[in-house]
Structures are given as C-alpha cells and as structure tokens.
>>> print(open('protein.cif').read())   # mmCIF, C-alpha atoms
data_query
#
loop_
_atom_site.label_atom_id
_atom_site.label_comp_id
_atom_site.auth_asym_id
_atom_site.auth_seq_id
_atom_site.Cartn_x
_atom_site.Cartn_y
_atom_site.Cartn_z
CA MET A 1 0.00 0.00 0.00
CA TYR A 2 0.95 3.62 -0.49
CA VAL A 3 2.38 5.19 2.66
CA ILE A 4 4.42 8.13 1.34
CA GLY A 5 1.81 10.91 1.61
CA MET A 6 1.74 13.84 3.98
CA LEU A 7 -0.30 13.30 7.12
CA VAL A 8 -3.39 15.49 7.28
CA PRO A 9 -3.77 16.93 10.81
CA LEU A 10 -6.86 16.04 12.79
CA ILE A 11 -8.85 19.28 12.97
CA ASP A 12 -11.81 19.80 15.27
CA PRO A 13 -14.98 20.08 13.12
CA VAL A 14 -16.04 22.95 15.39
CA ALA A 15 -14.26 26.07 14.14
CA ILE A 16 -15.54 28.54 16.75
CA GLN A 17 -17.23 27.97 20.10
CA ILE A 18 -19.07 30.84 21.78
CA GLY A 19 -20.60 29.57 25.00
CA PRO A 20 -23.10 26.85 24.10
CA VAL A 21 -23.02 27.84 20.41
CA ASN A 22 -20.79 25.80 18.10
CA ILE A 23 -19.90 27.11 14.66
CA HIS A 24 -18.70 24.25 12.49
CA TRP A 25 -16.24 24.58 9.62
CA TYR A 26 -19.02 23.41 7.33
CA GLY A 27 -21.30 26.28 8.33
CA LEU A 28 -18.41 28.75 8.32
CA SER A 29 -17.47 27.80 4.78
CA TYR A 30 -21.04 28.26 3.56
CA GLY A 31 -21.25 31.63 5.29
CA MET A 32 -17.93 32.84 3.85
CA GLY A 33 -18.84 31.64 0.38
CA LEU A 34 -22.22 33.39 0.41
CA LEU A 35 -20.84 36.61 1.87
CA LEU A 36 -17.91 36.91 -0.51
CA GLY A 37 -20.07 35.85 -3.46
CA TRP A 38 -22.60 38.56 -2.62
CA ILE A 39 -19.85 41.18 -2.26
CA TYR A 40 -18.24 40.12 -5.54
CA ALA A 41 -21.47 40.16 -7.58
CA SER A 42 -22.71 43.39 -6.01
CA SER A 43 -19.47 45.32 -6.38
CA ARG A 44 -18.50 44.29 -9.91
CA PHE A 45 -21.58 43.29 -11.87
CA VAL A 46 -24.58 45.04 -10.33
CA ARG A 47 -25.31 48.72 -10.68
CA ASP A 48 -27.97 51.05 -9.39
CA LYS A 49 -31.16 51.59 -11.35
CA SER A 50 -29.58 54.59 -13.08
CA GLY A 51 -26.95 52.33 -14.64
CA ASP A 52 -27.24 49.96 -17.58
CA LYS A 53 -27.79 46.82 -15.53
CA PHE A 54 -31.21 45.38 -14.87
CA VAL A 55 -31.01 45.17 -11.08
CA GLY A 56 -29.71 47.29 -8.24
CA THR A 57 -27.78 46.29 -5.13
CA GLU A 58 -30.97 46.33 -3.05
CA THR A 59 -32.57 43.69 -5.24
CA ILE A 60 -29.52 41.41 -5.17
CA SER A 61 -29.49 41.75 -1.38
CA ASN A 62 -33.14 40.72 -1.26
CA LEU A 63 -32.28 37.70 -3.41
CA LEU A 64 -29.61 36.41 -0.99
CA PRO A 65 -32.03 34.85 1.57
CA TRP A 66 -33.78 33.01 -1.28
CA ILE A 67 -30.45 31.62 -2.42
CA ILE A 68 -29.51 30.53 1.11
CA PHE A 69 -32.85 28.77 1.54
CA GLY A 70 -32.52 27.03 -1.83
CA ILE A 71 -28.97 25.86 -1.15
CA ILE A 72 -29.69 24.44 2.30
CA LEU A 73 -33.03 22.81 1.54
CA GLY A 74 -32.13 21.57 -1.93
CA GLY A 75 -28.64 20.44 -0.93
CA ARG A 76 -29.85 18.42 2.02
CA ILE A 77 -32.84 16.87 0.27
CA GLY A 78 -30.65 16.08 -2.74
CA TYR A 79 -28.08 14.30 -0.57
CA ILE A 80 -30.74 12.29 1.23
CA LEU A 81 -32.49 11.19 -1.97
CA ILE A 82 -29.41 10.57 -4.11
CA TYR A 83 -26.81 9.23 -1.73
CA ASP A 84 -28.27 7.65 1.42
CA LEU A 85 -32.06 7.49 1.52
CA SER A 86 -32.21 4.17 3.39
CA TYR A 87 -30.03 5.52 6.23
CA PHE A 88 -32.10 8.66 6.77
CA LEU A 89 -35.36 6.72 6.67
CA LYS A 90 -34.04 4.79 9.67
CA ASN A 91 -32.55 7.88 11.35
CA LEU A 92 -35.02 10.72 10.81
CA ASP A 93 -33.44 12.81 13.58
CA GLU A 94 -30.27 13.06 11.45
CA THR A 95 -31.98 14.72 8.48
CA TYR A 96 -31.50 18.27 9.74
CA LYS A 97 -27.94 17.92 11.09
CA ILE A 98 -26.19 19.47 8.11
CA TRP A 99 -23.22 20.48 10.27
CA ASN A 100 -22.19 16.81 10.21
CA GLY A 101 -21.84 16.97 6.43
CA GLY A 102 -24.06 15.52 3.77
CA MET A 103 -24.95 18.20 1.23
CA SER A 104 -25.41 17.53 -2.47
CA PHE A 105 -24.18 20.21 -4.86
CA HIS A 106 -26.59 19.08 -7.55
CA GLY A 107 -29.49 19.14 -5.08
CA GLY A 108 -28.45 22.60 -3.93
CA LEU A 109 -28.32 23.75 -7.55
CA VAL A 110 -31.87 22.56 -8.18
CA GLY A 111 -33.00 24.27 -4.97
CA VAL A 112 -31.37 27.56 -6.01
CA ILE A 113 -32.83 27.39 -9.51
CA LEU A 114 -36.34 27.00 -8.09
CA SER A 115 -35.75 29.79 -5.57
CA ILE A 116 -34.49 32.19 -8.21
CA LEU A 117 -37.34 31.25 -10.55
CA LEU A 118 -39.89 32.17 -7.87
CA PHE A 119 -38.00 35.37 -7.00
CA SER A 120 -37.80 36.44 -10.66
CA LYS A 121 -41.54 35.86 -11.19
CA ARG A 122 -42.41 37.73 -8.02
CA ASN A 123 -40.24 40.74 -8.93
CA ASN A 124 -40.74 40.65 -12.71
CA LEU A 125 -37.03 40.14 -13.42
CA ASN A 126 -35.18 38.13 -16.07
CA PHE A 127 -34.66 34.63 -14.65
CA LEU A 128 -31.56 33.81 -16.74
CA SER A 129 -29.93 37.12 -15.84
CA LEU A 130 -30.34 36.35 -12.15
CA MET A 131 -28.93 32.87 -12.72
CA ASP A 132 -25.93 34.47 -14.46
CA LEU A 133 -25.18 36.57 -11.38
CA LEU A 134 -25.26 33.39 -9.31
CA ALA A 135 -23.06 31.55 -11.81
CA ILE A 136 -20.21 34.08 -11.70
CA SER A 137 -20.11 34.07 -7.89
CA ALA A 138 -20.90 30.41 -7.14
CA PRO A 139 -17.28 29.17 -7.57
CA ILE A 140 -16.33 31.22 -4.50
CA GLY A 141 -18.71 29.21 -2.33
CA ILE A 142 -17.69 25.95 -4.00
CA PHE A 143 -14.04 26.65 -3.17
CA PHE A 144 -14.74 27.14 0.54
CA GLY A 145 -17.09 24.15 0.60
CA ARG A 146 -14.43 21.81 -0.80
CA VAL A 147 -11.83 23.10 1.63
CA SER A 148 -14.32 22.32 4.40
CA ASN A 149 -14.69 18.79 3.00
CA PHE A 150 -10.91 18.42 3.26
CA ILE A 151 -10.90 19.61 6.88
CA ASN A 152 -13.73 17.18 7.71
CA HIS A 153 -11.96 14.30 5.88
CA GLU A 154 -14.99 13.81 3.62
CA LEU A 155 -15.04 12.70 -0.02
CA ILE A 156 -11.55 11.25 0.26
CA GLY A 157 -9.47 10.35 -2.76
CA LYS A 158 -8.27 7.05 -4.15
CA PRO A 159 -4.87 5.59 -3.19
CA SER A 160 -1.94 7.40 -4.79
CA ASP A 161 1.86 7.53 -4.69
CA LEU A 162 2.13 11.08 -6.02
CA PRO A 163 4.34 13.51 -4.07
CA TRP A 164 1.34 15.65 -3.02
CA SER A 165 -0.75 12.71 -1.83
CA VAL A 166 -2.04 12.77 1.75
CA ILE A 167 -2.78 10.37 4.59
CA TYR A 168 -6.02 11.02 6.43
CA PRO A 169 -6.13 10.38 10.20
CA THR A 170 -8.64 7.54 9.83
CA GLY A 171 -6.44 4.75 11.12
CA GLU A 172 -5.39 3.60 7.63
CA ALA A 173 -1.78 4.30 6.59
CA ILE A 174 -2.83 4.76 2.97
CA SER A 175 -1.60 7.65 0.83
CA ARG A 176 -4.46 9.16 -1.20
CA HIS A 177 -5.26 11.84 -3.75
CA PRO A 178 -6.38 15.07 -2.01
CA SER A 179 -9.54 14.95 -4.13
CA GLN A 180 -11.26 17.76 -2.22
CA ILE A 181 -8.36 20.08 -3.06
CA TYR A 182 -8.58 19.05 -6.71
CA GLU A 183 -12.23 20.08 -6.66
CA ALA A 184 -11.49 23.32 -4.79
CA ILE A 185 -8.96 24.26 -7.49
CA LEU A 186 -10.93 23.15 -10.56
CA GLU A 187 -14.56 23.79 -9.56
CA GLY A 188 -13.66 26.80 -7.43
CA LEU A 189 -10.55 28.77 -8.39
CA ILE A 190 -10.16 27.88 -12.07
CA LEU A 191 -13.89 28.05 -12.82
CA PHE A 192 -13.99 31.48 -11.14
CA LEU A 193 -11.14 32.71 -13.35
CA ILE A 194 -12.75 31.27 -16.50
CA LEU A 195 -15.99 33.12 -15.80
CA LEU A 196 -14.15 36.33 -14.91
CA PHE A 197 -12.20 36.16 -18.17
CA ALA A 198 -15.36 35.41 -20.19
CA CYS A 199 -17.15 38.35 -18.58
CA LYS A 200 -14.34 40.75 -19.42
CA LYS A 201 -13.28 39.39 -22.82
CA TYR A 202 -16.57 38.26 -24.32
CA LEU A 203 -19.08 40.26 -22.23
CA ILE A 204 -21.15 37.13 -21.64
CA LEU A 205 -23.33 38.91 -19.08
CA LYS A 206 -24.74 41.01 -21.93
CA THR A 207 -26.74 38.01 -23.13
CA PRO A 208 -28.90 36.28 -20.50
CA GLY A 209 -27.98 32.64 -19.96
CA LYS A 210 -24.44 32.71 -21.35
CA ALA A 211 -22.66 32.91 -18.00
CA SER A 212 -24.89 30.12 -16.70
CA ALA A 213 -23.98 28.05 -19.76
CA VAL A 214 -20.24 28.50 -19.17
CA PHE A 215 -20.67 27.57 -15.51
CA LEU A 216 -22.69 24.43 -16.28
CA ILE A 217 -20.28 23.24 -18.96
CA PHE A 218 -17.09 23.66 -16.99
CA TYR A 219 -18.47 22.58 -13.62
CA GLY A 220 -19.90 19.43 -15.20
CA LEU A 221 -16.59 18.71 -16.95
CA PHE A 222 -14.43 19.43 -13.89
CA ARG A 223 -16.68 17.37 -11.62
CA ILE A 224 -16.50 14.37 -13.93
CA ILE A 225 -12.69 14.65 -14.00
CA CYS A 226 -12.46 14.93 -10.20
CA GLU A 227 -14.71 11.91 -9.74
CA ILE A 228 -11.97 9.81 -11.34
CA TYR A 229 -9.73 10.47 -8.32
CA ARG A 230 -12.41 10.37 -5.62
CA VAL A 231 -13.69 7.36 -3.71
CA PRO A 232 -17.43 6.98 -4.36
CA ASP A 233 -19.85 6.90 -1.45
CA GLU A 234 -19.58 3.50 0.24
CA GLN A 235 -23.32 2.85 0.22
CA ILE A 236 -23.48 3.44 -3.55
CA GLY A 237 -20.11 2.48 -5.02
CA TYR A 238 -19.67 2.37 -8.78
CA ILE A 239 -22.64 2.22 -11.12
CA PHE A 240 -20.93 0.83 -14.23
CA ASP A 241 -17.47 -0.43 -13.36
CA GLN A 242 -15.69 2.95 -12.96
CA VAL A 243 -18.70 5.26 -13.42
CA THR A 244 -19.91 7.08 -10.30
CA THR A 245 -23.19 8.74 -9.40
CA GLY A 246 -21.42 12.10 -9.44
CA MET A 247 -20.40 11.55 -13.08
CA ILE A 248 -23.90 10.57 -14.13
CA ILE A 249 -25.66 13.55 -12.55
CA SER A 250 -22.99 15.95 -13.83
CA LEU A 251 -23.48 14.92 -17.46
CA PRO A 252 -26.91 16.62 -17.78
CA MET A 253 -25.30 19.84 -16.50
CA LEU A 254 -22.75 19.72 -19.30
CA ILE A 255 -25.44 19.02 -21.92
CA LEU A 256 -27.74 21.76 -20.63
CA GLY A 257 -24.82 24.19 -20.66
CA ILE A 258 -24.09 23.43 -24.32
CA ILE A 259 -27.78 23.94 -25.20
CA LEU A 260 -27.84 27.31 -23.40
CA LEU A 261 -24.61 28.38 -25.09
CA LYS A 262 -25.97 27.60 -28.55
CA ARG A 263 -29.40 29.16 -28.07
CA GLU A 264 -30.18 32.31 -29.96
CA ASN A 265 -29.46 35.55 -28.16
CA GLY A 266 -32.37 36.49 -25.96
CA LYS A 267 -33.42 39.82 -24.54
CA ARG A 268 -30.38 41.74 -23.43
CA ILE A 269 -29.93 42.93 -19.87
#
>>> encode(input="protein.cif", output="structure tokens")
Amino acid sequence: MYVIGMLVPLIDPVAIQIGPVNIHWYGLSYGMGLLLGWIYASSRFVRDKSGDKFVGTETISNLLPWIIFGIILGGRIGYILIYDLSYFLKNLDETYKIWNGGMSFHGGLVGVILSILLFSKRNNLNFLSLMDLLAISAPIGIFFGRVSNFINHELIGKPSDLPWSVIYPTGEAISRHPSQIYEAILEGLILFLILLFACKKYLILKTPGKASAVFLIFYGLFRIICEIYRVPDEQIGYIFDQVTTGMIISLPMLILGIILLKRENGKRI
C-alpha cells in the first residue's frame, strides 16, 4: 500500500465555540462563500437603477435569503435522496444535522434554480440574468465548501503515490489523492477565473444565460474529472465499473450548458 503521503492533521470540526453555540467549519465555509459571493457580484456586476444593468444592489441583497434557503433545503434533500435514503429513513433525527456533512451540490443547484425562478416571477425580473449573477459568484462558495470537505476528511481520494498525496487520520496508513483540493482548485478557483475572463473578454453577461452556460459546462466537466480520483460513497459504489453517481448527474449539466450556449441571443440585460 501507499504510505508516502503527507499526514493530514486532525482538525476539530467545530471552528468557533461561543458559550453553548458551536460554529462548524461546514457552516463557516457556507457563510464565507455566500458573503464573498454577494460582495463580488454586487461590487463588480450590479449597478444602481440609473446604470445599464437590470437590477440594483438592493434587489440582489433581497435575493440572498432566497439563495440561502434554496442551497440548504435543496442540498440536504438532494443528498438524502441521491446518496443515502435508506439511512435517513431509519434515522429521521439526522436529516436536519447538516453540520455533520451531507450536502449535495446538484441538489443545492436545483433548490437555487427553483428559488431564483420564484423570485424572478415575483419581482418581474429576467430569470436567466439572475442565474448568471449566481453563476459568476458560485465558484467562490464551492471553493470554501471543498476546503471544508478536506478539513472534515470527507469525499476522500483514491490511493496514490504522487508527491502531493495525503494520509487522512482515519487509522489507515494509505496515501491518497487530495480529491477535495482538486475540486477546490478546478470547480472553485479555475472556474472562477474562466468566468471572470469570459465576462471581461466576451461580455457574456450582456446576453442572459451565457454565464450560466459557461458555468454548467465547466463545472460538469471538472466534476467528472475529479470523480476519477475520488472514492465513491460507500453505500453506492460504482454504477458501471468505474462510473460514479457524481459523473452521471454531472453529465446533464454539461449538456444543458451546451444547449444554453448555442441558443439564440435572448433579450439583453
């Protein structure tokens, strides 16, 4: 077995303790991602009503609670339904304990899409334009979420003898791919830079749906690549030899992104 990796330190899942209140790394990462994403979108891509953008900072601030609700509810329900339904049916009291981990990105995405759809109808705003604002800022939250997965020793990688491989403090002296860091870099940092470049170079925010298309294409592609180096959930395993659930549910994202990218230009912002 591989035993050459760096040992990952055992970090307390509770990041901050204030009296009886525990703030977990998981919750802290979500909070940081949402806050920085809101600041980024508001400061760079949203202007007041007197500007040439379709929404002001007040509206994007009003949208934030809808996004939070969609992420939490959709992410948790998605994880329960996709990854471990039988366990939660037997342990109903565990369904709300999201600080212990167990959030599905794809479920959270569906939850956010529905939340933004309702918000756009209620406020008579362009749905795809709102989704674009989410798309350009989402990689920030994804980055912090994957770092949190690494701290919690979740979604561990397959055995590896590469120089940057790691050994998790699980009792097994096995060197593994730091798959969470791969995802943080690809789905977070690199995807963020791709969208930033596309916004500046090709002005993709000028056409509703284009930023969302770029996000869906590259996230789907990067997720499929990262799944190659990640151990699938034990209760699910592989679907077809080396195909994982994460690969299968990421493929529709890639296809939908291509469809959005090729659609005719809609109403401009």
>>> atom_distance(input="protein.cif", atom1="atom CA of A:Ala138", atom2="atom CA of A:Asn152")
21.1 Å
>>> closest_residue(input="protein.cif", among="A:Leu186, A:Ile60, A:Val166, A:Leu89", to="A:His153", atoms="all atoms listed in the file")
A:Val166
>>> closest_residue(input="protein.cif", among="A:Ile248, A:Leu85, A:Ala211, A:Leu73", to="A:Leu128", atoms="all atoms listed in the file")
A:Ala211
>>> residues_around(input="protein.cif", residues="stretch 28-38 of chain A", least_positions_apart="2", cutoff="6 Å", atoms="all atoms listed in the file", output="ChimeraX atom specification")
/A:25-26,40-42,137,140-141,144-145
>>> resolve_selection(input="protein.cif", expression="the PyMOL selection byres ((chain A and resi 192-200) around 9)", output="PyMOL selection string")
chain A and resi 135-140+186-191+201-206+211+214-215+218
>>> atom_distance(input="protein.cif", atom1="atom CA of A:Val243", atom2="atom CA of A:Tyr229")
11.6 Å
>>> closest_residue(input="protein.cif", among="A:Arg230, A:Arg223, A:His24, A:Lys90", to="A:Ser160", atoms="only C-alpha atoms")
A:Arg230
>>> resolve_selection(input="protein.cif", expression="the PyMOL selection byres ((chain A and resi 12) around 10)", output="PyMOL selection string")
chain A and resi 9-11+13-16+24-25+151-152
>>> closest_residue(input="protein.cif", among="A:Asn124, A:Asn62, A:Ser179, A:Ser250", to="A:Leu216", atoms="all atoms listed in the file")
A:Ser250
>>> closest_residue(input="protein.cif", among="A:Gly74, A:Ile82, A:Gln17, A:Phe69", to="A:Ile236", atoms="all atoms listed in the file")
A:Ile82
>>> atom_distance(input="protein.cif", atom1="atom CA of A:Pro169", atom2="atom CA of A:Ile181")
16.6 Å
>>> resolve_selection(input="protein.cif", expression="the PyMOL selection byres ((chain A and resi 146) around 8)", output="PyMOL selection string")
chain A and resi 142-145+147-150+180-181+183-184
>>> closest_residue(input="protein.cif", among="A:Leu63, A:Met247, A:Glu154, A:Leu162", to="A:Ser120", atoms="only C-alpha atoms")
A:Leu63
>>> axis_aligned_box(input="protein.cif", around="stretch 233-249 of chain A", padding_each_side="5 Å", output="JSON")
{"center_x": -20.7, "center_y": 6.6, "center_z": -7.0, "size_x": 20.0, "size_y": 24.0, "size_z": 24.5}
>>> residues_around(input="protein.cif", residues="A:Glu234", least_positions_apart="5", cutoff="12 Å", atoms="only C-alpha atoms", output="CSV table (one decimal) with C-alpha atoms, keeping the file's coordinate frame")
chain,number,residue,atom,x,y,z
A,83,TYR,CA,-26.8,9.2,-1.7
A,84,ASP,CA,-28.3,7.6,1.4
A,154,GLU,CA,-15.0,13.8,3.6
A,155,LEU,CA,-15.0,12.7,0.0
A,156,ILE,CA,-11.6,11.2,0.3
A,239,ILE,CA,-22.6,2.2,-11.1
A,244,THR,CA,-19.9,7.1,-10.3
A,245,THR,CA,-23.2,8.7,-9.4
>>> residues_near_point(input="protein.cif", point="(-2.9, 15.9, 2.5)", cutoff="9 Å", atoms="only C-alpha atoms", output="MDAnalysis selection string")
chainID A and resid 5:9 150 164:168 175:178 181
>>> build_atoms(input="protein.cif", residues="stretch 191-222 of chain A", atoms="N, CA and C atoms", output="PDB file, keeping the file's coordinate frame")
ATOM      1  N   LEU A 191     -12.591  27.698 -12.258  1.00  0.00           N
ATOM      2  CA  LEU A 191     -13.890  28.050 -12.820  1.00  0.00           C
ATOM      3  C   LEU A 191     -14.189  29.530 -12.589  1.00  0.00           C
ATOM      4  N   PHE A 192     -13.824  30.051 -11.431  1.00  0.00           N
ATOM      5  CA  PHE A 192     -13.990  31.480 -11.140  1.00  0.00           C
ATOM      6  C   PHE A 192     -13.221  32.322 -12.151  1.00  0.00           C
ATOM      7  N   LEU A 193     -11.979  31.951 -12.425  1.00  0.00           N
ATOM      8  CA  LEU A 193     -11.140  32.710 -13.350  1.00  0.00           C
ATOM      9  C   LEU A 193     -11.660  32.611 -14.781  1.00  0.00           C
ATOM     10  N   ILE A 194     -12.169  31.442 -15.162  1.00  0.00           N
ATOM     11  CA  ILE A 194     -12.750  31.270 -16.500  1.00  0.00           C
ATOM     12  C   ILE A 194     -13.937  32.206 -16.694  1.00  0.00           C
ATOM     13  N   LEU A 195     -14.816  32.262 -15.709  1.00  0.00           N
ATOM     14  CA  LEU A 195     -15.990  33.120 -15.800  1.00  0.00           C
ATOM     15  C   LEU A 195     -15.600  34.593 -15.778  1.00  0.00           C
ATOM     16  N   LEU A 196     -14.620  34.943 -14.963  1.00  0.00           N
ATOM     17  CA  LEU A 196     -14.150  36.330 -14.910  1.00  0.00           C
ATOM     18  C   LEU A 196     -13.575  36.745 -16.259  1.00  0.00           C
ATOM     19  N   PHE A 197     -12.790  35.878 -16.849  1.00  0.00           N
ATOM     20  CA  PHE A 197     -12.200  36.160 -18.170  1.00  0.00           C
ATOM     21  C   PHE A 197     -13.295  36.292 -19.225  1.00  0.00           C
ATOM     22  N   ALA A 198     -14.275  35.377 -19.204  1.00  0.00           N
ATOM     23  CA  ALA A 198     -15.360  35.410 -20.190  1.00  0.00           C
ATOM     24  C   ALA A 198     -16.205  36.674 -20.048  1.00  0.00           C
ATOM     25  N   CYS A 199     -16.380  37.125 -18.808  1.00  0.00           N
ATOM     26  CA  CYS A 199     -17.150  38.350 -18.580  1.00  0.00           C
ATOM     27  C   CYS A 199     -16.416  39.569 -19.142  1.00  0.00           C
ATOM     28  N   LYS A 200     -15.111  39.611 -18.965  1.00  0.00           N
ATOM     29  CA  LYS A 200     -14.340  40.750 -19.420  1.00  0.00           C
ATOM     30  C   LYS A 200     -14.065  40.705 -20.925  1.00  0.00           C
ATOM     31  N   LYS A 201     -13.694  39.525 -21.427  1.00  0.00           N
ATOM     32  CA  LYS A 201     -13.280  39.390 -22.820  1.00  0.00           C
ATOM     33  C   LYS A 201     -14.464  39.305 -23.772  1.00  0.00           C
ATOM     34  N   TYR A 202     -15.458  38.520 -23.407  1.00  0.00           N
ATOM     35  CA  TYR A 202     -16.570  38.260 -24.320  1.00  0.00           C
ATOM     36  C   TYR A 202     -17.895  38.870 -23.865  1.00  0.00           C
ATOM     37  N   LEU A 203     -17.878  39.570 -22.738  1.00  0.00           N
ATOM     38  CA  LEU A 203     -19.080  40.260 -22.230  1.00  0.00           C
ATOM     39  C   LEU A 203     -20.288  39.327 -22.170  1.00  0.00           C
ATOM     40  N   ILE A 204     -20.077  38.130 -21.618  1.00  0.00           N
ATOM     41  CA  ILE A 204     -21.150  37.130 -21.640  1.00  0.00           C
ATOM     42  C   ILE A 204     -22.360  37.527 -20.811  1.00  0.00           C
ATOM     43  N   LEU A 205     -22.183  38.473 -19.874  1.00  0.00           N
ATOM     44  CA  LEU A 205     -23.330  38.910 -19.080  1.00  0.00           C
ATOM     45  C   LEU A 205     -24.292  39.768 -19.894  1.00  0.00           C
ATOM     46  N   LYS A 206     -23.864  40.208 -21.087  1.00  0.00           N
ATOM     47  CA  LYS A 206     -24.740  41.010 -21.930  1.00  0.00           C
ATOM     48  C   LYS A 206     -25.884  40.188 -22.511  1.00  0.00           C
ATOM     49  N   THR A 207     -25.706  38.898 -22.594  1.00  0.00           N
ATOM     50  CA  THR A 207     -26.740  38.010 -23.130  1.00  0.00           C
ATOM     51  C   THR A 207     -27.182  37.045 -22.045  1.00  0.00           C
ATOM     52  N   PRO A 208     -28.422  37.145 -21.574  1.00  0.00           N
ATOM     53  CA  PRO A 208     -28.900  36.280 -20.500  1.00  0.00           C
ATOM     54  C   PRO A 208     -28.711  34.795 -20.797  1.00  0.00           C
ATOM     55  N   GLY A 209     -28.144  34.090 -19.846  1.00  0.00           N
ATOM     56  CA  GLY A 209     -27.980  32.640 -19.960  1.00  0.00           C
ATOM     57  C   GLY A 209     -26.581  32.204 -20.339  1.00  0.00           C
ATOM     58  N   LYS A 210     -25.762  33.110 -20.886  1.00  0.00           N
ATOM     59  CA  LYS A 210     -24.440  32.710 -21.350  1.00  0.00           C
ATOM     60  C   LYS A 210     -23.494  32.380 -20.199  1.00  0.00           C
ATOM     61  N   ALA A 211     -23.513  33.195 -19.150  1.00  0.00           N
ATOM     62  CA  ALA A 211     -22.660  32.910 -18.000  1.00  0.00           C
ATOM     63  C   ALA A 211     -23.083  31.602 -17.329  1.00  0.00           C
ATOM     64  N   SER A 212     -24.384  31.377 -17.255  1.00  0.00           N
ATOM     65  CA  SER A 212     -24.890  30.120 -16.700  1.00  0.00           C
ATOM     66  C   SER A 212     -24.429  28.940 -17.533  1.00  0.00           C
ATOM     67  N   ALA A 213     -24.419  29.123 -18.859  1.00  0.00           N
ATOM     68  CA  ALA A 213     -23.980  28.050 -19.760  1.00  0.00           C
ATOM     69  C   ALA A 213     -22.516  27.707 -19.520  1.00  0.00           C
ATOM     70  N   VAL A 214     -21.670  28.729 -19.404  1.00  0.00           N
ATOM     71  CA  VAL A 214     -20.240  28.500 -19.170  1.00  0.00           C
ATOM     72  C   VAL A 214     -20.038  27.787 -17.832  1.00  0.00           C
ATOM     73  N   PHE A 215     -20.778  28.212 -16.819  1.00  0.00           N
ATOM     74  CA  PHE A 215     -20.670  27.570 -15.510  1.00  0.00           C
ATOM     75  C   PHE A 215     -21.065  26.092 -15.592  1.00  0.00           C
ATOM     76  N   LEU A 216     -22.203  25.812 -16.203  1.00  0.00           N
ATOM     77  CA  LEU A 216     -22.690  24.430 -16.280  1.00  0.00           C
ATOM     78  C   LEU A 216     -21.728  23.536 -17.039  1.00  0.00           C
ATOM     79  N   ILE A 217     -21.193  24.035 -18.139  1.00  0.00           N
ATOM     80  CA  ILE A 217     -20.280  23.240 -18.960  1.00  0.00           C
ATOM     81  C   ILE A 217     -19.010  22.889 -18.195  1.00  0.00           C
ATOM     82  N   PHE A 218     -18.383  23.899 -17.633  1.00  0.00           N
ATOM     83  CA  PHE A 218     -17.090  23.660 -16.990  1.00  0.00           C
ATOM     84  C   PHE A 218     -17.233  22.978 -15.637  1.00  0.00           C
ATOM     85  N   TYR A 219     -18.298  23.304 -14.882  1.00  0.00           N
ATOM     86  CA  TYR A 219     -18.470  22.580 -13.620  1.00  0.00           C
ATOM     87  C   TYR A 219     -18.720  21.099 -13.916  1.00  0.00           C
ATOM     88  N   GLY A 220     -19.618  20.816 -14.865  1.00  0.00           N
ATOM     89  CA  GLY A 220     -19.900  19.430 -15.200  1.00  0.00           C
ATOM     90  C   GLY A 220     -18.653  18.684 -15.633  1.00  0.00           C
ATOM     91  N   LEU A 221     -17.828  19.332 -16.475  1.00  0.00           N
ATOM     92  CA  LEU A 221     -16.590  18.710 -16.950  1.00  0.00           C
ATOM     93  C   LEU A 221     -15.602  18.499 -15.815  1.00  0.00           C
ATOM     94  N   PHE A 222     -15.380  19.534 -15.002  1.00  0.00           N
ATOM     95  CA  PHE A 222     -14.430  19.430 -13.890  1.00  0.00           C
ATOM     96  C   PHE A 222     -14.876  18.394 -12.865  1.00  0.00           C
TER      97      PHE A 222
END
